[in-house]
Every structure is written in structure tokens, then in C-alpha cells.
Amino acid sequence: MDSYLVYGNPIAQSKSPFIHQMFAQQCQQNIEYDKRCSTENEFTDEVHRFIANGGKGANVTAPFKEQAMQLSDELSVRAKAAGAVNTLSFSNNIIFGDNTDGVGLVNDLIDNNITLTGKSILLMGAGGAARGVIQPLLEQNPQQLIIVNRTLEKAKQLISHFNDERLSAISFEQTANINVDVIINATSASLSAKLPPLSVSAISPSTVCYDMVYGKELTPFLVWCADNNASKVIDGLGMLVGQAAESFYQWRGVRPDPKPVLLALREMLDKS
Ligand code: ATR
């Protein structure tokens, strides 16, 4: 049986084993998928040990995504653009690093009937989560992709990695002067139940608001957006399933349907 793992720290909360086991059942793939808590010092050795024991691939979550990029022999274009790896594939003595986070987000937006082509998108945050989704968002041909960050300099630095005139960097104060179609929260603010200092002017009744964070309840950001008449608010549970579906496809060559898995996870969250 082919073995897969997800590495992270913490990892106890990870839904990846549940998601991949459901995908495997759905696609009739005979795999095992486990989770492993690692440390900065041990991560690389642990991956090599897993390969030596016949491991076929691994997902990587915080805080090991940059280290996973370093240990990869080859990288996909999107992993290079993201500066981070969340999916490792092991074959023919090669460690191949990919990043499926951005495509997971884009596919979830598409599944929610949101078109990005020709749209103005505001991406909040300039850390790893934001960087991971920029290239896949640009591939949808938006009219513009504005990056807003508390530390403006970091947003400017981030867009300098991408040579694309549709990208711009602004401060939160400047969000008073914009009006966008889609707002994506890639800051870590929701993890500590904080609200990014976004101007309410950025939202109109046709604006869709997305938070990469998910939970039993809507995040404070999504509650705030709904209170300010956003057309739709969506949390990051679908992105989680979407990135997993793309990893599964990388490994197994079959594309699972994320919808039943998303429904099952939502039900689990509601009952928790
Ligand atoms: P990640 O890997 O999840 O992106 P990160 O690299 O630590 O984590 O980045 C966190 C991002 O969230 C940063 O863009 C940070 O803004 P600063 O660069 O100004 O620190 C942003 N962030 C965190 N808390 C925030 C808050 N309360 N309001 C707005 N932005 C916040």
C-alpha cells in the first residue's frame, strides 16, 4: 500500500488524513495517509527516512513549507512563485516540490461561481499565505490584484518577486479609496480573532469576501463583511479541500470531487 504523510507543528488538528482517506475511497485508491509532528531540526531527516521506508509523498504545513522547498530536488513553477512547498512527491530518487494552495483557493472560488477574469481583487497580507496564491490568482486574468499590508514595505517587496503590472501594493489607509470585486484575507489576523483595519469603502454590495481561515463560526472578518453588505462571504474550508484534491491528483493521477468531502467536513465542524 502506498504511504503518504502530512508534516506540521502542531499537527493534531489536521484534517488532511480524513480528507485524503475520503478521496482514496471515492477514487478507489489503496493508500494510507498519516500525520506527523516534526521539529525544525528533524524535519529534513524525517522526510529522508520516510522516503527510505517507501513513502510516496507528503503534504507539508506550517512551519515547514520553506524547508520543504529547500529539500526539493525539483520545483514546480507555482512552488517557485509561492516560495514554499506544500506537496512533496517521491519517485525515481527525486524529491519534487509543488504548491497547491493557490490552485485550491482558485478552484474553491470557481466552485462558488465566482469569476476572477477582468475583476479587481484585493489580497490582504504579505506573508507566506499571500505569496502562495498570487501566481494562481494572476493566471485567472484579473484586471488588477492589489496587495494591502499593515507593513507596506513588505507588500512592496512581495510584488517585486512578480514582474506583473496588474500588481500593486497599498497601505490599509489607502483602502478608503478603492472599491473591489473580491477581497481575500490572507493575513493571520483571523487566527487570533482580530480584524484587519480595512476601510468599509472597499466593500460594495457586489463584493465577495473570502477568508483563508475557517472555523465553526464565521471569522470576525467575514462577520464584519456580512454586516457591511458584502454580496457573499466564504471561509477557507473549501481551499483546504481544494489544495488537498490537487495534491491527490499529483500523486495518484486521478482528480477527486471535493464537494462530498467539503460537506462532510462542514458537518463535522458544525457538530464540534
Ligand atoms: P503566513 O505564513 O500565515 O502568511 P506570516 O508570514 O507571519 O504568516 O504573515 C502574517 C501576515 O498577516 C502579515 O502580512 C501580517 O502583517 P505585517 O506584515 O504587517 O505583520 C498580517 N497580519 C497579522 N495580524 C494582522 C492584523 N491584526 N491586522 C492586519 N494584518 C495582520
# chains A, B, ... in the order shown; residues from 1 in each chain; ligands from 1
$ residues_near_ligand --ligand "ligand 1" --cutoff "8 Å" --atoms "only C-alpha atoms and all ligand atoms" --output "list in words"
Ala62, Met124, Gly125, Ala126, Gly127, Gly128, Ala129, Ala130, Arg131, Asn149, Arg150, Thr151, Leu152, Lys154, Ala155, Ala186, Thr187, Ser188, Ala189, Ser190, Ser192, Lys194, Leu195, Pro196 and Pro197 of chain A
$ select_by_dssp --residues "stretch 70-202 of chain A" --states "strand (DSSP E)" --output "VMD selection string"
chain A and resid 74 to 75 87 to 91 94 to 98 120 to 124 144 to 148 167 to 170 182 to 185
$ write_last_selection --atoms "C-alpha atoms" --output "PDB file, in the first residue's frame"
ATOM      1  CA  GLU A  74      12.966  19.933  -8.440  1.00  0.00           C
ATOM      2  CA  LEU A  75      10.233  22.541  -8.064  1.00  0.00           C
ATOM      3  CA  THR A  87       3.244  18.916  -1.614  1.00  0.00           C
ATOM      4  CA  LEU A  88       6.227  16.580  -1.970  1.00  0.00           C
ATOM      5  CA  SER A  89       6.296  13.665  -4.408  1.00  0.00           C
ATOM      6  CA  PHE A  90       8.961  10.988  -4.231  1.00  0.00           C
ATOM      7  CA  SER A  91       9.830   8.933  -7.303  1.00  0.00           C
ATOM      8  CA  ILE A  94      13.841  12.708  -6.992  1.00  0.00           C
ATOM      9  CA  ILE A  95      12.038  14.884  -4.461  1.00  0.00           C
ATOM     10  CA  PHE A  96       9.582  17.036  -6.405  1.00  0.00           C
ATOM     11  CA  GLY A  97       8.139  20.046  -4.607  1.00  0.00           C
ATOM     12  CA  ASP A  98       4.845  21.640  -5.608  1.00  0.00           C
ATOM     13  CA  SER A 120     -10.414  43.770  -9.211  1.00  0.00           C
ATOM     14  CA  ILE A 121      -9.041  41.664  -6.384  1.00  0.00           C
ATOM     15  CA  LEU A 122      -7.746  42.905  -3.042  1.00  0.00           C
ATOM     16  CA  LEU A 123      -5.421  40.466  -1.287  1.00  0.00           C
ATOM     17  CA  MET A 124      -4.801  41.273   2.373  1.00  0.00           C
ATOM     18  CA  GLN A 144      -5.854  44.079 -11.072  1.00  0.00           C
ATOM     19  CA  LEU A 145      -4.539  42.421  -7.955  1.00  0.00           C
ATOM     20  CA  ILE A 146      -3.931  44.854  -5.124  1.00  0.00           C
ATOM     21  CA  ILE A 147      -1.894  43.711  -2.133  1.00  0.00           C
ATOM     22  CA  VAL A 148      -2.607  45.521   1.129  1.00  0.00           C
ATOM     23  CA  LEU A 167       0.018  44.020  -9.201  1.00  0.00           C
ATOM     24  CA  SER A 168       0.151  46.981  -6.830  1.00  0.00           C
ATOM     25  CA  ALA A 169       0.868  47.442  -3.132  1.00  0.00           C
ATOM     26  CA  ILE A 170      -1.068  49.758  -0.824  1.00  0.00           C
ATOM     27  CA  VAL A 182     -13.213  40.268  -4.465  1.00  0.00           C
ATOM     28  CA  ILE A 183     -11.408  40.631  -1.124  1.00  0.00           C
ATOM     29  CA  ILE A 184      -9.241  37.766   0.114  1.00  0.00           C
ATOM     30  CA  ASN A 185      -7.963  37.718   3.679  1.00  0.00           C
TER      31      ASN A 185
END
$ atom_distance --atom1 "atom CA of A:Glu46" --atom2 "atom CA of A:Gln28"
28.6 Å
$ closest_residue --among "A:Ile159, A:Val133, A:Ala82, A:Leu71" --to "A:Gly102" --atoms "only C-alpha atoms"
A:Val133
$ closest_residue --among "A:Asn179, A:Gln157, A:Ser247, A:Thr115" --to "A:Leu137" --atoms "only C-alpha atoms"
A:Thr115
$ decode --residues "stretch 115-181 of chain A" --atoms "C-alpha atoms" --output "mmCIF file, in the first residue's frame"
data_model
loop_
_atom_site.group_PDB
_atom_site.id
_atom_site.type_symbol
_atom_site.label_atom_id
_atom_site.label_comp_id
_atom_site.auth_asym_id
_atom_site.auth_seq_id
_atom_site.Cartn_x
_atom_site.Cartn_y
_atom_site.Cartn_z
ATOM 1 C CA THR A 115 -15.253 34.520 -11.869
ATOM 2 C CA LEU A 116 -11.958 36.339 -11.438
ATOM 3 C CA THR A 117 -11.348 37.261 -15.064
ATOM 4 C CA GLY A 118 -11.465 41.039 -15.514
ATOM 5 C CA LYS A 119 -12.135 41.584 -11.791
ATOM 6 C CA SER A 120 -10.414 43.770 -9.211
ATOM 7 C CA ILE A 121 -9.041 41.664 -6.384
ATOM 8 C CA LEU A 122 -7.746 42.905 -3.042
ATOM 9 C CA LEU A 123 -5.421 40.466 -1.287
ATOM 10 C CA MET A 124 -4.801 41.273 2.373
ATOM 11 C CA GLY A 125 -1.455 40.207 3.838
ATOM 12 C CA ALA A 126 2.098 39.871 2.586
ATOM 13 C CA GLY A 127 3.313 36.729 4.369
ATOM 14 C CA GLY A 128 3.645 33.183 3.077
ATOM 15 C CA ALA A 129 -0.109 32.648 2.773
ATOM 16 C CA ALA A 130 -0.472 35.670 0.480
ATOM 17 C CA ARG A 131 2.591 34.870 -1.601
ATOM 18 C CA GLY A 132 1.341 31.317 -2.164
ATOM 19 C CA VAL A 133 -1.763 32.429 -4.030
ATOM 20 C CA ILE A 134 -0.543 35.369 -6.154
ATOM 21 C CA GLN A 135 0.572 33.451 -9.265
ATOM 22 C CA PRO A 136 -2.574 31.257 -9.480
ATOM 23 C CA LEU A 137 -4.761 34.365 -8.999
ATOM 24 C CA LEU A 138 -2.914 36.198 -11.804
ATOM 25 C CA GLU A 139 -3.433 33.173 -14.057
ATOM 26 C CA GLN A 140 -7.187 33.861 -13.834
ATOM 27 C CA ASN A 141 -6.576 37.165 -15.679
ATOM 28 C CA PRO A 142 -7.956 39.649 -13.168
ATOM 29 C CA GLN A 143 -7.942 43.298 -14.138
ATOM 30 C CA GLN A 144 -5.854 44.079 -11.072
ATOM 31 C CA LEU A 145 -4.539 42.421 -7.955
ATOM 32 C CA ILE A 146 -3.931 44.854 -5.124
ATOM 33 C CA ILE A 147 -1.894 43.711 -2.133
ATOM 34 C CA VAL A 148 -2.607 45.521 1.129
ATOM 35 C CA ASN A 149 -0.461 45.005 4.194
ATOM 36 C CA ARG A 150 -0.073 46.578 7.621
ATOM 37 C CA THR A 151 3.647 46.874 6.879
ATOM 38 C CA LEU A 152 3.509 48.455 3.428
ATOM 39 C CA GLU A 153 7.196 47.787 2.726
ATOM 40 C CA LYS A 154 6.565 44.024 2.937
ATOM 41 C CA ALA A 155 3.782 44.268 0.347
ATOM 42 C CA LYS A 156 6.083 46.251 -1.972
ATOM 43 C CA GLN A 157 8.812 43.676 -1.530
ATOM 44 C CA LEU A 158 6.351 40.871 -2.216
ATOM 45 C CA ILE A 159 5.151 42.261 -5.540
ATOM 46 C CA SER A 160 8.757 42.803 -6.642
ATOM 47 C CA HIS A 161 9.055 38.986 -6.851
ATOM 48 C CA PHE A 162 6.474 39.039 -9.644
ATOM 49 C CA ASN A 163 7.053 41.070 -12.748
ATOM 50 C CA ASP A 164 3.417 41.922 -13.420
ATOM 51 C CA GLU A 165 1.858 45.330 -13.998
ATOM 52 C CA ARG A 166 -1.534 44.173 -12.686
ATOM 53 C CA LEU A 167 0.018 44.020 -9.201
ATOM 54 C CA SER A 168 0.151 46.981 -6.830
ATOM 55 C CA ALA A 169 0.868 47.442 -3.132
ATOM 56 C CA ILE A 170 -1.068 49.758 -0.824
ATOM 57 C CA SER A 171 -1.487 50.533 2.866
ATOM 58 C CA PHE A 172 -4.707 49.888 4.801
ATOM 59 C CA GLU A 173 -5.331 53.674 4.900
ATOM 60 C CA GLN A 174 -5.472 53.638 1.103
ATOM 61 C CA THR A 175 -8.266 51.054 1.103
ATOM 62 C CA ALA A 176 -10.593 54.020 1.753
ATOM 63 C CA ASN A 177 -10.057 54.971 -1.909
ATOM 64 C CA ILE A 178 -10.724 51.658 -3.607
ATOM 65 C CA ASN A 179 -13.711 49.524 -4.448
ATOM 66 C CA VAL A 180 -13.087 45.928 -5.434
ATOM 67 C CA ASP A 181 -14.967 42.846 -6.627
#
